[in-house]
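Have a look at target-v4.tsv below; it lists TSV, C-alpha atoms.
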chain	number	residue	atom	x	y	z
A	1	MET	CA	28.94	71.79	91.84
A	2	SER	CA	28.28	73.25	95.29
A	3	GLY	CA	25.12	72.98	97.30
A	4	ARG	CA	23.64	71.63	100.47
A	5	MET	CA	24.08	67.88	100.80
A	6	SER	CA	21.83	65.40	102.58
A	7	SER	CA	23.11	63.29	105.45
A	8	ASN	CA	24.37	60.50	103.18
A	9	GLY	CA	26.77	62.92	101.51
A	10	ASP	CA	26.10	62.45	97.79
A	11	ARG	CA	22.53	63.76	97.73
A	12	THR	CA	21.43	67.35	97.40
A	13	ILE	CA	18.28	69.32	98.11
A	14	LEU	CA	17.28	68.65	94.48
A	15	HIS	CA	17.01	64.90	95.11
A	16	ASP	CA	14.83	65.60	98.14
A	17	LEU	CA	12.70	68.05	96.17
A	18	TYR	CA	11.74	65.25	93.79
A	19	GLU	CA	11.63	62.29	96.16
A	20	LYS	CA	9.86	63.99	99.08
A	21	HIS	CA	7.68	66.49	97.21
A	22	SER	CA	7.30	65.03	93.68
A	23	GLN	CA	8.52	68.26	92.09
A	24	SER	CA	11.02	67.81	89.25
A	25	PRO	CA	13.89	70.34	89.13
A	26	TYR	CA	14.94	71.27	85.58
A	27	TYR	CA	17.95	73.37	84.61
A	28	ASP	CA	17.12	76.49	82.60
A	29	ASN	CA	20.41	76.71	80.71
A	30	LEU	CA	22.43	74.91	78.04
A	31	SER	CA	25.84	75.56	76.48
A	32	ARG	CA	28.85	73.74	75.07
A	33	PRO	CA	30.57	71.50	75.83
A	34	VAL	CA	27.26	69.89	76.82
A	35	SER	CA	28.94	66.56	77.59
A	36	ASP	CA	31.17	68.26	80.21
A	37	LEU	CA	28.90	70.94	81.66
A	38	LEU	CA	25.58	69.10	82.03
A	39	PRO	CA	26.48	65.79	83.82
A	40	PRO	CA	27.36	67.41	87.20
A	41	PHE	CA	23.89	68.97	87.30
A	42	ILE	CA	22.28	65.60	86.54
A	43	VAL	CA	24.30	64.01	89.34
A	44	ALA	CA	23.12	66.80	91.65
A	45	GLY	CA	19.48	65.95	90.92
A	46	ILE	CA	18.47	67.92	87.83
A	47	ARG	CA	15.85	65.92	85.89
A	48	GLY	CA	15.52	67.91	82.66
A	49	VAL	CA	16.69	70.97	80.73
A	50	THR	CA	14.95	73.97	79.21
A	51	SER	CA	16.34	76.38	76.63
A	52	ASN	CA	15.14	79.48	74.79
A	53	PRO	CA	16.48	81.93	72.17
A	54	ALA	CA	18.13	84.09	74.86
A	55	ILE	CA	20.02	81.08	76.26
A	56	PHE	CA	21.33	80.10	72.84
A	57	GLU	CA	22.19	83.69	72.00
A	58	LYS	CA	24.42	83.86	75.07
A	59	ALA	CA	25.91	80.40	74.52
A	60	ILE	CA	26.83	80.94	70.88
A	61	ILE	CA	28.05	84.52	71.13
A	62	LEU	CA	30.19	84.05	74.24
A	63	SER	CA	31.83	80.78	73.22
A	64	ASN	CA	34.26	79.63	70.55
A	65	ALA	CA	32.93	76.07	70.87
A	66	TYR	CA	30.58	76.63	67.93
A	67	ASN	CA	33.17	78.06	65.52
A	68	GLU	CA	34.26	74.85	63.81
A	69	GLN	CA	30.73	73.62	63.21
A	70	LEU	CA	29.71	77.07	61.98
A	71	ARG	CA	32.57	77.20	59.51
A	72	ASN	CA	31.80	73.69	58.19
A	73	LEU	CA	28.09	74.37	57.85
A	74	LEU	CA	28.52	77.63	55.95
A	75	GLU	CA	31.24	76.18	53.74
A	76	SER	CA	28.87	73.33	52.86
A	77	GLY	CA	26.35	75.88	51.58
A	78	LYS	CA	24.04	76.32	54.56
A	79	ASP	CA	22.58	79.77	55.09
A	80	LEU	CA	23.00	81.46	58.50
A	81	GLU	CA	19.58	80.52	59.88
A	82	SER	CA	19.94	76.88	58.81
A	83	ALA	CA	23.41	76.81	60.40
A	84	TYR	CA	21.96	78.21	63.63
A	85	TRP	CA	19.35	75.46	63.82
A	86	GLU	CA	21.92	72.76	63.07
A	87	MET	CA	24.02	73.98	66.01
A	88	VAL	CA	21.01	74.19	68.31
A	89	VAL	CA	19.82	70.71	67.34
A	90	LYS	CA	23.27	69.26	68.03
A	91	ASP	CA	23.24	70.68	71.58
A	92	ILE	CA	19.70	69.42	72.18
A	93	GLN	CA	20.64	65.94	70.93
A	94	TYR	CA	23.64	65.80	73.29
A	95	ALA	CA	21.45	66.82	76.23
A	96	CYS	CA	18.70	64.35	75.26
A	97	LYS	CA	21.24	61.53	75.20
A	98	LEU	CA	22.55	62.46	78.65
A	99	LEU	CA	19.03	62.65	80.10
A	100	GLU	CA	17.70	59.55	78.35
A	101	PRO	CA	18.37	57.28	81.38
A	102	ILE	CA	16.09	59.50	83.51
A	103	TYR	CA	13.46	59.42	80.77
A	104	ASN	CA	13.58	55.63	80.67
A	105	GLU	CA	13.71	55.09	84.44
A	106	SER	CA	10.76	57.44	85.01
A	107	ASN	CA	8.67	55.90	82.19
A	108	GLY	CA	8.65	59.17	80.31
A	109	LEU	CA	7.79	61.42	83.25
A	110	ASP	CA	11.11	63.31	83.20
A	111	GLY	CA	14.38	63.54	81.30
A	112	TYR	CA	13.09	66.07	78.78
A	113	VAL	CA	15.08	68.72	76.93
A	114	SER	CA	13.09	71.69	75.60
A	115	VAL	CA	13.82	73.51	72.35
A	116	GLU	CA	11.70	76.39	71.08
A	117	VAL	CA	10.39	77.00	67.58
A	118	SER	CA	11.42	80.35	66.10
A	119	PRO	CA	9.76	83.23	67.98
A	120	LYS	CA	9.15	84.85	64.60
A	121	LEU	CA	6.42	82.26	63.94
A	122	ALA	CA	4.43	82.89	67.13
A	123	ASN	CA	1.57	84.61	65.30
A	124	ASN	CA	1.28	82.07	62.48
A	125	THR	CA	-0.58	78.85	63.29
A	126	LYS	CA	0.39	76.85	60.22
A	127	GLU	CA	4.08	77.79	60.26
A	128	THR	CA	4.38	77.10	64.00
A	129	THR	CA	2.83	73.66	63.49
A	130	GLU	CA	5.13	72.77	60.60
A	131	ALA	CA	8.21	74.10	62.41
A	132	ALA	CA	7.36	72.02	65.50
A	133	LYS	CA	6.99	68.84	63.45
A	134	LEU	CA	10.25	69.49	61.60
A	135	LEU	CA	12.20	70.30	64.78
A	136	HIS	CA	10.90	67.14	66.44
A	137	LYS	CA	12.01	65.08	63.46
A	138	LYS	CA	15.45	66.74	63.33
A	139	VAL	CA	16.20	66.13	67.02
A	140	GLY	CA	15.02	62.53	66.73
A	141	PHE	CA	14.85	61.72	70.46
A	142	PRO	CA	11.68	60.71	72.34
A	143	ASN	CA	12.64	62.93	75.27
A	144	VAL	CA	12.58	66.24	73.44
A	145	TYR	CA	9.96	68.83	74.32
A	146	ILE	CA	9.11	71.15	71.44
A	147	LYS	CA	8.36	74.57	72.90
A	148	ILE	CA	5.36	76.35	71.42
A	149	PRO	CA	4.28	79.78	72.72
A	150	ALA	CA	0.79	80.16	74.18
A	151	THR	CA	-0.19	82.95	71.77
A	152	LYS	CA	-3.74	83.03	70.45
A	153	GLU	CA	-2.46	81.95	67.03
A	154	SER	CA	-0.29	79.12	68.36
A	155	ILE	CA	-2.91	77.52	70.64
A	156	PRO	CA	-4.37	75.54	67.68
A	157	SER	CA	-0.82	74.38	66.88
A	158	ILE	CA	-0.59	72.79	70.32
A	159	LYS	CA	-3.67	70.66	69.64
A	160	GLU	CA	-2.39	69.65	66.19
A	161	VAL	CA	1.14	68.78	67.31
A	162	ILE	CA	-0.05	66.82	70.36
A	163	SER	CA	-2.49	64.86	68.18
A	164	HIS	CA	0.51	63.69	66.12
A	165	GLY	CA	2.19	62.24	69.20
A	166	ILE	CA	4.77	65.01	69.67
A	167	SER	CA	5.54	66.08	73.24
A	168	VAL	CA	5.17	69.81	73.84
A	169	ASN	CA	6.32	72.37	76.39
A	170	VAL	CA	3.85	75.24	76.05
A	171	THR	CA	5.71	78.42	76.93
A	172	LEU	CA	4.96	82.09	77.63
A	173	ILE	CA	1.94	81.57	79.89
A	174	PHE	CA	1.32	84.69	81.98
A	175	CYS	CA	-2.32	84.57	83.14
A	176	LEU	CA	-5.00	82.08	84.20
A	177	SER	CA	-7.29	82.46	81.17
A	178	GLN	CA	-4.34	81.78	78.88
A	179	TYR	CA	-3.39	78.75	80.98
A	180	GLU	CA	-6.89	77.28	80.77
A	181	ALA	CA	-6.80	77.62	76.97
A	182	VAL	CA	-3.48	75.73	76.98
A	183	ILE	CA	-4.93	72.87	79.04
A	184	ASP	CA	-7.93	72.65	76.69
A	185	ALA	CA	-5.65	72.56	73.65
A	186	TYR	CA	-3.70	69.67	75.21
A	187	LEU	CA	-6.89	67.74	76.02
A	188	ASP	CA	-8.28	68.46	72.54
A	189	GLY	CA	-5.04	67.16	71.02
A	190	LEU	CA	-5.15	63.95	73.04
A	191	GLU	CA	-8.78	63.38	72.06
A	192	ALA	CA	-7.98	64.00	68.39
A	193	SER	CA	-5.04	61.58	68.41
A	194	GLU	CA	-5.53	58.30	66.60
A	195	MET	CA	-2.93	56.63	68.81
A	196	ALA	CA	-4.40	53.77	70.85
A	197	ASP	CA	-1.79	54.30	73.58
A	198	LEU	CA	-1.34	57.93	74.63
A	199	SER	CA	1.36	57.20	77.24
A	200	LYS	CA	4.22	58.30	74.97
A	201	ILE	CA	2.81	61.84	74.71
A	202	SER	CA	3.94	64.29	77.38
A	203	SER	CA	3.41	67.98	77.92
A	204	ALA	CA	4.34	70.78	80.30
A	205	ALA	CA	2.73	74.19	80.70
A	206	ALA	CA	5.39	76.82	81.46
A	207	PHE	CA	3.79	79.45	83.69
A	208	TYR	CA	6.05	82.51	84.06
A	209	ILE	CA	6.61	83.86	87.56
A	210	SER	CA	9.11	86.68	88.24
A	211	ARG	CA	8.17	88.76	85.21
A	212	VAL	CA	4.61	88.96	86.54
A	213	ASP	CA	5.82	90.62	89.74
A	214	VAL	CA	8.00	93.06	87.80
A	215	THR	CA	5.00	94.24	85.77
A	216	VAL	CA	2.37	94.20	88.53
A	217	ASP	CA	4.72	95.87	91.06
A	218	LYS	CA	5.14	98.81	88.67
A	219	LYS	CA	1.38	99.19	88.40
A	220	LEU	CA	0.98	98.97	92.18
A	221	GLU	CA	3.61	101.68	92.65
A	222	GLN	CA	1.79	103.90	90.16
A	223	ILE	CA	-1.40	103.52	92.23
A	224	GLY	CA	0.68	104.36	95.29
A	225	THR	CA	-1.82	103.72	98.10
A	226	SER	CA	-0.69	101.80	101.19
A	227	GLU	CA	-2.94	98.89	100.16
A	228	ALA	CA	-1.32	98.79	96.73
A	229	LEU	CA	2.22	99.05	98.05
A	230	ASP	CA	1.59	96.23	100.54
A	231	LEU	CA	0.76	93.91	97.63
A	232	ARG	CA	4.16	94.28	95.96
A	233	GLY	CA	6.01	91.00	95.50
A	234	LYS	CA	2.88	88.91	96.04
A	235	ALA	CA	1.17	88.85	92.64
A	236	ALA	CA	3.21	86.20	90.84
A	237	VAL	CA	3.10	83.56	93.57
A	238	ALA	CA	-0.60	84.19	94.23
A	239	GLN	CA	-1.49	83.69	90.57
A	240	ALA	CA	0.70	80.56	90.37
A	241	VAL	CA	-1.03	79.08	93.43
A	242	LEU	CA	-4.38	79.59	91.68
A	243	ALA	CA	-2.97	78.07	88.48
A	244	TYR	CA	-2.19	74.92	90.47
A	245	GLN	CA	-5.77	74.81	91.71
A	246	LEU	CA	-6.97	75.12	88.11
A	247	TYR	CA	-4.63	72.27	87.12
A	248	ARG	CA	-6.16	70.02	89.78
A	249	LYS	CA	-9.68	70.93	88.67
A	250	LYS	CA	-9.08	70.35	84.94
A	251	PHE	CA	-7.27	67.04	85.31
A	252	CYS	CA	-10.06	65.16	87.01
A	253	GLY	CA	-13.63	64.17	86.13
A	254	PRO	CA	-15.12	62.14	83.25
A	255	ARG	CA	-13.28	63.87	80.38
A	256	TRP	CA	-9.87	63.29	81.91
A	257	GLU	CA	-10.73	59.78	83.10
A	258	ARG	CA	-11.55	58.73	79.52
A	259	LEU	CA	-8.13	59.95	78.37
A	260	GLU	CA	-6.37	58.41	81.34
A	261	LYS	CA	-7.78	55.01	80.36
A	262	ARG	CA	-5.95	55.45	77.04
A	263	GLY	CA	-2.69	56.00	78.92
A	264	ALA	CA	-2.66	59.82	78.89
A	265	LYS	CA	-0.34	61.74	81.20
A	266	LYS	CA	-1.35	64.95	82.96
A	267	GLN	CA	0.16	68.11	81.50
A	268	ARG	CA	2.33	69.23	84.41
A	269	LEU	CA	2.71	72.84	85.43
A	270	MET	CA	6.24	74.12	84.95
A	271	TRP	CA	7.28	77.19	86.93
A	272	ALA	CA	9.40	79.33	84.61
A	273	SER	CA	11.23	82.63	85.06
A	274	THR	CA	12.16	81.73	88.64
A	275	ASN	CA	15.09	84.16	88.93
A	276	VAL	CA	14.29	86.91	91.40
A	277	LYS	CA	14.58	90.26	89.59
A	278	ASN	CA	14.07	92.52	92.63
A	279	ALA	CA	16.99	92.46	95.09
A	280	ALA	CA	14.60	93.35	97.91
A	281	TYR	CA	13.01	89.89	97.68
A	282	PRO	CA	14.58	86.63	98.91
A	283	ASP	CA	16.67	85.08	96.14
A	284	THR	CA	14.87	81.72	96.46
A	285	LEU	CA	11.35	83.22	96.62
A	286	TYR	CA	10.04	81.72	93.37
A	287	VAL	CA	11.36	78.25	94.07
A	288	ASP	CA	10.58	78.01	97.80
A	289	SER	CA	7.02	79.34	97.38
A	290	LEU	CA	5.89	76.95	94.63
A	291	ILE	CA	6.87	73.49	95.84
A	292	GLY	CA	4.21	70.86	95.27
A	293	PRO	CA	3.51	67.49	93.63
A	294	ASP	CA	3.19	66.88	89.89
A	295	THR	CA	5.03	70.09	89.00
A	296	ILE	CA	8.32	71.11	87.43
A	297	SER	CA	10.48	74.01	88.55
A	298	THR	CA	12.86	75.10	85.80
A	299	ILE	CA	15.63	77.03	87.48
A	300	PRO	CA	18.30	79.28	85.90
A	301	PRO	CA	21.91	79.20	87.21
A	302	GLN	CA	21.71	82.03	89.75
A	303	ALA	CA	18.46	80.84	91.35
A	304	LEU	CA	19.65	77.23	91.29
A	305	ALA	CA	22.86	78.10	93.17
A	306	ALA	CA	20.84	80.04	95.77
A	307	PHE	CA	18.29	77.27	96.24
A	308	MET	CA	20.97	74.59	96.59
A	309	GLU	CA	22.75	76.73	99.15
A	310	HIS	CA	19.88	77.89	101.36
A	311	GLY	CA	16.53	76.94	99.85
A	312	SER	CA	13.56	75.85	101.96
A	313	LEU	CA	12.17	72.38	101.38
A	314	SER	CA	8.49	72.15	102.31
A	315	ARG	CA	5.24	71.85	100.39
A	316	SER	CA	4.09	75.41	99.78
A	317	ILE	CA	2.01	75.46	96.60
A	318	ASP	CA	-1.29	74.89	98.40
A	319	SER	CA	-0.43	75.78	101.99
A	320	ASN	CA	-2.53	78.96	101.88
A	321	VAL	CA	-4.86	79.06	98.89
A	322	SER	CA	-7.29	81.50	100.54
A	323	GLU	CA	-4.48	84.03	101.02
A	324	ALA	CA	-3.56	83.71	97.34
A	325	GLU	CA	-7.19	84.29	96.35
A	326	GLY	CA	-7.25	87.36	98.56
A	327	VAL	CA	-4.12	88.83	96.95
A	328	TYR	CA	-5.37	88.05	93.43
A	329	ASN	CA	-8.76	89.65	94.05
A	330	ALA	CA	-7.28	92.67	95.86
A	331	ILE	CA	-5.04	93.41	92.87
A	332	GLU	CA	-8.02	93.12	90.56
A	333	ARG	CA	-10.10	95.48	92.75
A	334	LEU	CA	-7.36	98.09	92.39
A	335	GLY	CA	-8.09	98.15	88.66
A	336	ILE	CA	-5.25	95.92	87.47
A	337	ASP	CA	-6.54	93.58	84.76
A	338	TRP	CA	-4.79	90.21	84.91
A	339	ASN	CA	-5.50	89.45	81.25
A	340	CYS	CA	-4.00	92.79	80.24
A	341	VAL	CA	-0.91	92.00	82.32
A	342	GLY	CA	-0.67	88.66	80.50
A	343	SER	CA	-1.01	90.26	77.08
A	344	GLU	CA	1.56	92.94	77.91
A	345	LEU	CA	4.09	90.35	79.07
A	346	GLU	CA	3.47	88.08	76.11
A	347	HIS	CA	4.29	90.87	73.67
A	348	GLN	CA	7.28	91.99	75.76
A	349	VAL	CA	8.89	88.55	76.01
A	350	LEU	CA	8.15	87.59	72.41
A	351	ASP	CA	9.76	90.83	71.29
A	352	SER	CA	12.77	90.11	73.50
A	353	PHE	CA	13.19	86.56	72.15
A	354	THR	CA	12.81	87.79	68.56
A	355	LYS	CA	15.59	90.33	69.14
A	356	CYS	CA	17.79	87.57	70.63
A	357	PHE	CA	17.13	85.42	67.57
A	358	ASP	CA	17.97	88.25	65.16
A	359	ASN	CA	21.05	89.20	67.18
A	360	VAL	CA	22.51	85.70	67.19
A	361	LEU	CA	22.16	85.50	63.39
A	362	HIS	CA	23.90	88.88	63.08
A	363	CYS	CA	26.70	87.69	65.38
A	364	LEU	CA	27.07	84.42	63.46
A	365	LYS	CA	27.59	86.44	60.30
A	366	ALA	CA	30.33	88.47	62.04
A	367	LYS	CA	31.89	85.30	63.49
A	368	HIS	CA	32.05	83.76	60.04
A	369	ARG	CA	33.76	86.86	58.63
A	370	ASP	CA	36.34	86.60	61.39
A	371	LEU	CA	36.86	82.87	60.81
A	372	ILE	CA	37.48	83.17	57.09
A	373	SER	CA	39.88	86.06	57.63
A	374	ILE	CA	42.13	83.94	59.88

The structure given in the file should be rewritten as structure tokens.
Amino acid sequence: MSGRMSSNGDRTILHDLYEKHSQSPYYDNLSRPVSDLLPPFIVAGIRGVTSNPAIFEKAIILSNAYNEQLRNLLESGKDLESAYWEMVVKDIQYACKLLEPIYNESNGLDGYVSVEVSPKLANNTKETTEAAKLLHKKVGFPNVYIKIPATKESIPSIKEVISHGISVNVTLIFCLSQYEAVIDAYLDGLEASEMADLSKISSAAAFYISRVDVTVDKKLEQIGTSEALDLRGKAAVAQAVLAYQLYRKKFCGPRWERLEKRGAKKQRLMWASTNVKNAAYPDTLYVDSLIGPDTISTIPPQALAAFMEHGSLSRSIDSNVSEAEGVYNAIERLGIDWNCVGSELEHQVLDSFTKCFDNVLHCLKAKHRDLISI
């Protein structure tokens, strides 16, 4: 693993990110052999792992490491979807075991591995809730985050699952109103829990970054005025900066203090989709610009390599809040509705993840045909 080292030689910028700025770097990738591929990242300072249907689609389709387990599962009578989940759970369990020391040393702050319920359930409250409970039970590790999308239908699932003591990574958050609903669902779940000690419950709120710029930039280009064009590449970071201000506001005051007395942890913001999708922007833009305490930055391979090579290490999340407010309001004045952007992205990404899920099942079927013909 390459990357900029600190003066004592065995430390990287990722260690400093956590120790100097209280931001936890997570790795947005997972593939087999987990026991070989993940440890170097942990040594380099990674403190957790996130996954999604697109990551598993790539891992399973491009590797032969799943073939033997696939053959055994199908020969034992498992259907394709059940076989898929068995393979996913095995990878998650391996990663949880490797990250368990960080989970223990940090008293449950870090060391989490995220696995997402089926994207096909995103618009069904009851099925999302049951799937989350089942997935948590199957993985069987305290440091697993069950990923639940922040759709209108799945928000009640977050409350229900949290109330049962299951740690949740709420994913697919694209706008501030959606984020506030996620925080409220977490607080509602903690309040509804019958557990005397809430300290074993953890949650992250995955706020998407780069995809916001892709969508807003297109709208700004359609408007075409000099004011609009000057705002390109600024929307995502500005909104994230305001999300952090909302986080600070919601996790203080009497309501939060009552929960904190029961051992509750704050639901940390997790910056997701941190790969830069526009080559005109700096390749570390969405990591460098969102450094701040009590947050997680989940970083895919390309962005991680760039940040370790030439990332900037300074607190940036609240260095210019007034500028972020100005950008956010200017975009709104141009007629771009932030809630509409959020809704558009939610449907777009859910559709993408559903296609990944369907595609991996199709490819597993083809793999099995090939295996039995050998």

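Using only C-alpha atoms, the smallest distance between any of A:Val237, A:Leu198, A:Ala243, A:Leu98 and Asp36 in chain A comes from A:Leu98.
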
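What separates CA of Leu187 in chain A from CA of Ala206 in chain A is a distance of 16.2 Å.
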
Report as JSON lines: every residue of range 260-329 of chain A with an atom at most 12 Å from range 38-45 of chain A, its closest pair of atoms, and their distance in Å to one decimal, counting all atoms listed in the file, with rows sorted by chain and ascending residue number.
{"residue": "A:Ile299", "atom": "CA", "partner": "A:Phe41", "partner_atom": "CA", "distance": 11.5}
{"residue": "A:Pro300", "atom": "CA", "partner": "A:Phe41", "partner_atom": "CA", "distance": 11.8}
{"residue": "A:Pro301", "atom": "CA", "partner": "A:Phe41", "partner_atom": "CA", "distance": 10.4}
{"residue": "A:Leu304", "atom": "CA", "partner": "A:Phe41", "partner_atom": "CA", "distance": 10.1}
{"residue": "A:Ala305", "atom": "CA", "partner": "A:Phe41", "partner_atom": "CA", "distance": 10.9}
{"residue": "A:Met308", "atom": "CA", "partner": "A:Ala44", "partner_atom": "CA", "distance": 9.5}

How would the residues just chosen look if you wrote them out with C-alpha atoms as a PDB file, in the coordinates of the input?
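Now in out-v9.pdb:
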ATOM      1  CA  ILE A 299      15.630  77.030  87.480  1.00  0.00           C
ATOM      2  CA  PRO A 300      18.300  79.280  85.900  1.00  0.00           C
ATOM      3  CA  PRO A 301      21.910  79.200  87.210  1.00  0.00           C
ATOM      4  CA  LEU A 304      19.650  77.230  91.290  1.00  0.00           C
ATOM      5  CA  ALA A 305      22.860  78.100  93.170  1.00  0.00           C
ATOM      6  CA  MET A 308      20.970  74.590  96.590  1.00  0.00           C
TER       7      MET A 308
END

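Distance check against Arg71 in chain A using all atoms listed in the file: of A:Val34, A:Tyr179, A:Val327, A:Met87, the minimum falls on A:Met87.
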
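Shortest separation to Ile317 in chain A among A:Gly111, A:Gly253, A:Gly292, A:Pro33 occurs at residue A:Gly292, atoms counted being only C-alpha atoms.
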
Which of these residues is nearest to Thr225 in chain A, using only C-alpha atoms: A:Leu121, A:Leu334, A:His362, A:Asn278?
A:Leu334

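Here CA of Lys126 in chain A and CA of Val161 in chain A stand 10.8 Å from one another.
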
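Compared by their closest atoms to Tyr145 in chain A, and using only C-alpha atoms, the residues A:Gly108, A:Gly77, A:Pro119, A:Gly311 rank with A:Gly108 nearest.
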
Excluding range 147-151 of chain A and any residue of its chain fewer than 6 positions from it, enumerate the residues within 7 Å of it, using only C-alpha atoms, and give them as a VMD selection string.
chain A and resid 114 to 117 122 to 123 168 to 173 182

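Minimum atom-to-atom distance to Ile372 in chain A, evaluated using all atoms listed in the file, belongs to A:Leu74 out of A:Leu345, A:Leu350, A:Leu74, A:Val287.
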
Distance query Lys90 in chain A at most 8 Å, all atoms listed in the file, self and fewer than 4 positions along chain excluded, as a PDB file with C-alpha atoms, in the coordinates of the input:
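For reference, part21.pdb as written:
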ATOM      1  CA  GLU A  86      21.920  72.760  63.070  1.00  0.00           C
ATOM      2  CA  TYR A  94      23.640  65.800  73.290  1.00  0.00           C
ATOM      3  CA  VAL A 139      16.200  66.130  67.020  1.00  0.00           C
TER       4      VAL A 139
END

Within 12 Å of (17.7, 64.7, 74.8), only C-alpha atoms: residues as a ChimeraX atom specification?
/A:30,34-35,38,47-51,88-104,108,110-115,136,138-146

Expected file: the selected residues, C-alpha atoms, as a PDB file, in the frame of the given file:
ATOM      1  CA  LEU A  30      22.430  74.910  78.040  1.00  0.00           C
ATOM      2  CA  VAL A  34      27.260  69.890  76.820  1.00  0.00           C
ATOM      3  CA  SER A  35      28.940  66.560  77.590  1.00  0.00           C
ATOM      4  CA  LEU A  38      25.580  69.100  82.030  1.00  0.00           C
ATOM      5  CA  ARG A  47      15.850  65.920  85.890  1.00  0.00           C
ATOM      6  CA  GLY A  48      15.520  67.910  82.660  1.00  0.00           C
ATOM      7  CA  VAL A  49      16.690  70.970  80.730  1.00  0.00           C
ATOM      8  CA  THR A  50      14.950  73.970  79.210  1.00  0.00           C
ATOM      9  CA  SER A  51      16.340  76.380  76.630  1.00  0.00           C
ATOM     10  CA  VAL A  88      21.010  74.190  68.310  1.00  0.00           C
ATOM     11  CA  VAL A  89      19.820  70.710  67.340  1.00  0.00           C
ATOM     12  CA  LYS A  90      23.270  69.260  68.030  1.00  0.00           C
ATOM     13  CA  ASP A  91      23.240  70.680  71.580  1.00  0.00           C
ATOM     14  CA  ILE A  92      19.700  69.420  72.180  1.00  0.00           C
ATOM     15  CA  GLN A  93      20.640  65.940  70.930  1.00  0.00           C
ATOM     16  CA  TYR A  94      23.640  65.800  73.290  1.00  0.00           C
ATOM     17  CA  ALA A  95      21.450  66.820  76.230  1.00  0.00           C
ATOM     18  CA  CYS A  96      18.700  64.350  75.260  1.00  0.00           C
ATOM     19  CA  LYS A  97      21.240  61.530  75.200  1.00  0.00           C
ATOM     20  CA  LEU A  98      22.550  62.460  78.650  1.00  0.00           C
ATOM     21  CA  LEU A  99      19.030  62.650  80.100  1.00  0.00           C
ATOM     22  CA  GLU A 100      17.700  59.550  78.350  1.00  0.00           C
ATOM     23  CA  PRO A 101      18.370  57.280  81.380  1.00  0.00           C
ATOM     24  CA  ILE A 102      16.090  59.500  83.510  1.00  0.00           C
ATOM     25  CA  TYR A 103      13.460  59.420  80.770  1.00  0.00           C
ATOM     26  CA  ASN A 104      13.580  55.630  80.670  1.00  0.00           C
ATOM     27  CA  GLY A 108       8.650  59.170  80.310  1.00  0.00           C
ATOM     28  CA  ASP A 110      11.110  63.310  83.200  1.00  0.00           C
ATOM     29  CA  GLY A 111      14.380  63.540  81.300  1.00  0.00           C
ATOM     30  CA  TYR A 112      13.090  66.070  78.780  1.00  0.00           C
ATOM     31  CA  VAL A 113      15.080  68.720  76.930  1.00  0.00           C
ATOM     32  CA  SER A 114      13.090  71.690  75.600  1.00  0.00           C
ATOM     33  CA  VAL A 115      13.820  73.510  72.350  1.00  0.00           C
ATOM     34  CA  HIS A 136      10.900  67.140  66.440  1.00  0.00           C
ATOM     35  CA  LYS A 138      15.450  66.740  63.330  1.00  0.00           C
ATOM     36  CA  VAL A 139      16.200  66.130  67.020  1.00  0.00           C
ATOM     37  CA  GLY A 140      15.020  62.530  66.730  1.00  0.00           C
ATOM     38  CA  PHE A 141      14.850  61.720  70.460  1.00  0.00           C
ATOM     39  CA  PRO A 142      11.680  60.710  72.340  1.00  0.00           C
ATOM     40  CA  ASN A 143      12.640  62.930  75.270  1.00  0.00           C
ATOM     41  CA  VAL A 144      12.580  66.240  73.440  1.00  0.00           C
ATOM     42  CA  TYR A 145       9.960  68.830  74.320  1.00  0.00           C
ATOM     43  CA  ILE A 146       9.110  71.150  71.440  1.00  0.00           C
TER      44      ILE A 146
END

Would you mind listing, for every residue of range 214-274 of chain A within 10 Å of range 189-197 of chain A, the two atoms forming the shortest contact and the distance between them in Å to one decimal, using all atoms listed in the file, sorted by chain and ascending residue number, as JSON lines?
{"residue": "A:Arg255", "atom": "CA", "partner": "A:Glu191", "partner_atom": "CA", "distance": 9.5}
{"residue": "A:Trp256", "atom": "CA", "partner": "A:Glu191", "partner_atom": "CA", "distance": 9.9}
{"residue": "A:Arg258", "atom": "CA", "partner": "A:Glu191", "partner_atom": "CA", "distance": 9.2}
{"residue": "A:Leu259", "atom": "CA", "partner": "A:Glu191", "partner_atom": "CA", "distance": 7.2}
{"residue": "A:Glu260", "atom": "CA", "partner": "A:Asp197", "partner_atom": "CA", "distance": 9.9}
{"residue": "A:Lys261", "atom": "CA", "partner": "A:Asp197", "partner_atom": "CA", "distance": 9.1}
{"residue": "A:Arg262", "atom": "CA", "partner": "A:Asp197", "partner_atom": "CA", "distance": 5.5}
{"residue": "A:Gly263", "atom": "CA", "partner": "A:Asp197", "partner_atom": "CA", "distance": 5.7}
{"residue": "A:Ala264", "atom": "CA", "partner": "A:Leu190", "partner_atom": "CA", "distance": 7.6}
{"residue": "A:Lys265", "atom": "CA", "partner": "A:Leu190", "partner_atom": "CA", "distance": 9.7}

Which centre and which edge lengths, in Å to one decimal, describe the axis-aligned box that holds all listed atoms of range 321-326 of chain A after 5 Å is added on each side, as lines of an AutoDock Vina configuration file?
center_x = -5.4
center_y = 83.2
center_z = 98.7
size_x = 13.7
size_y = 18.3
size_z = 14.7

Show which residues sit within 10 Å of Asp188 in chain A, as a short mmCIF file (atom, residue, chain, number, x, y, z; two decimals) with C-alpha atoms, keeping the file's coordinate frame. Count only C-alpha atoms, and ignore same-chain residues fewer than 6 positions away.
data_model
loop_
_atom_site.label_atom_id
_atom_site.label_comp_id
_atom_site.auth_asym_id
_atom_site.auth_seq_id
_atom_site.Cartn_x
_atom_site.Cartn_y
_atom_site.Cartn_z
CA PRO A 156 -4.37 75.54 67.68
CA ILE A 158 -0.59 72.79 70.32
CA LYS A 159 -3.67 70.66 69.64
CA GLU A 160 -2.39 69.65 66.19
CA ILE A 162 -0.05 66.82 70.36
CA SER A 163 -2.49 64.86 68.18
CA VAL A 182 -3.48 75.73 76.98
#
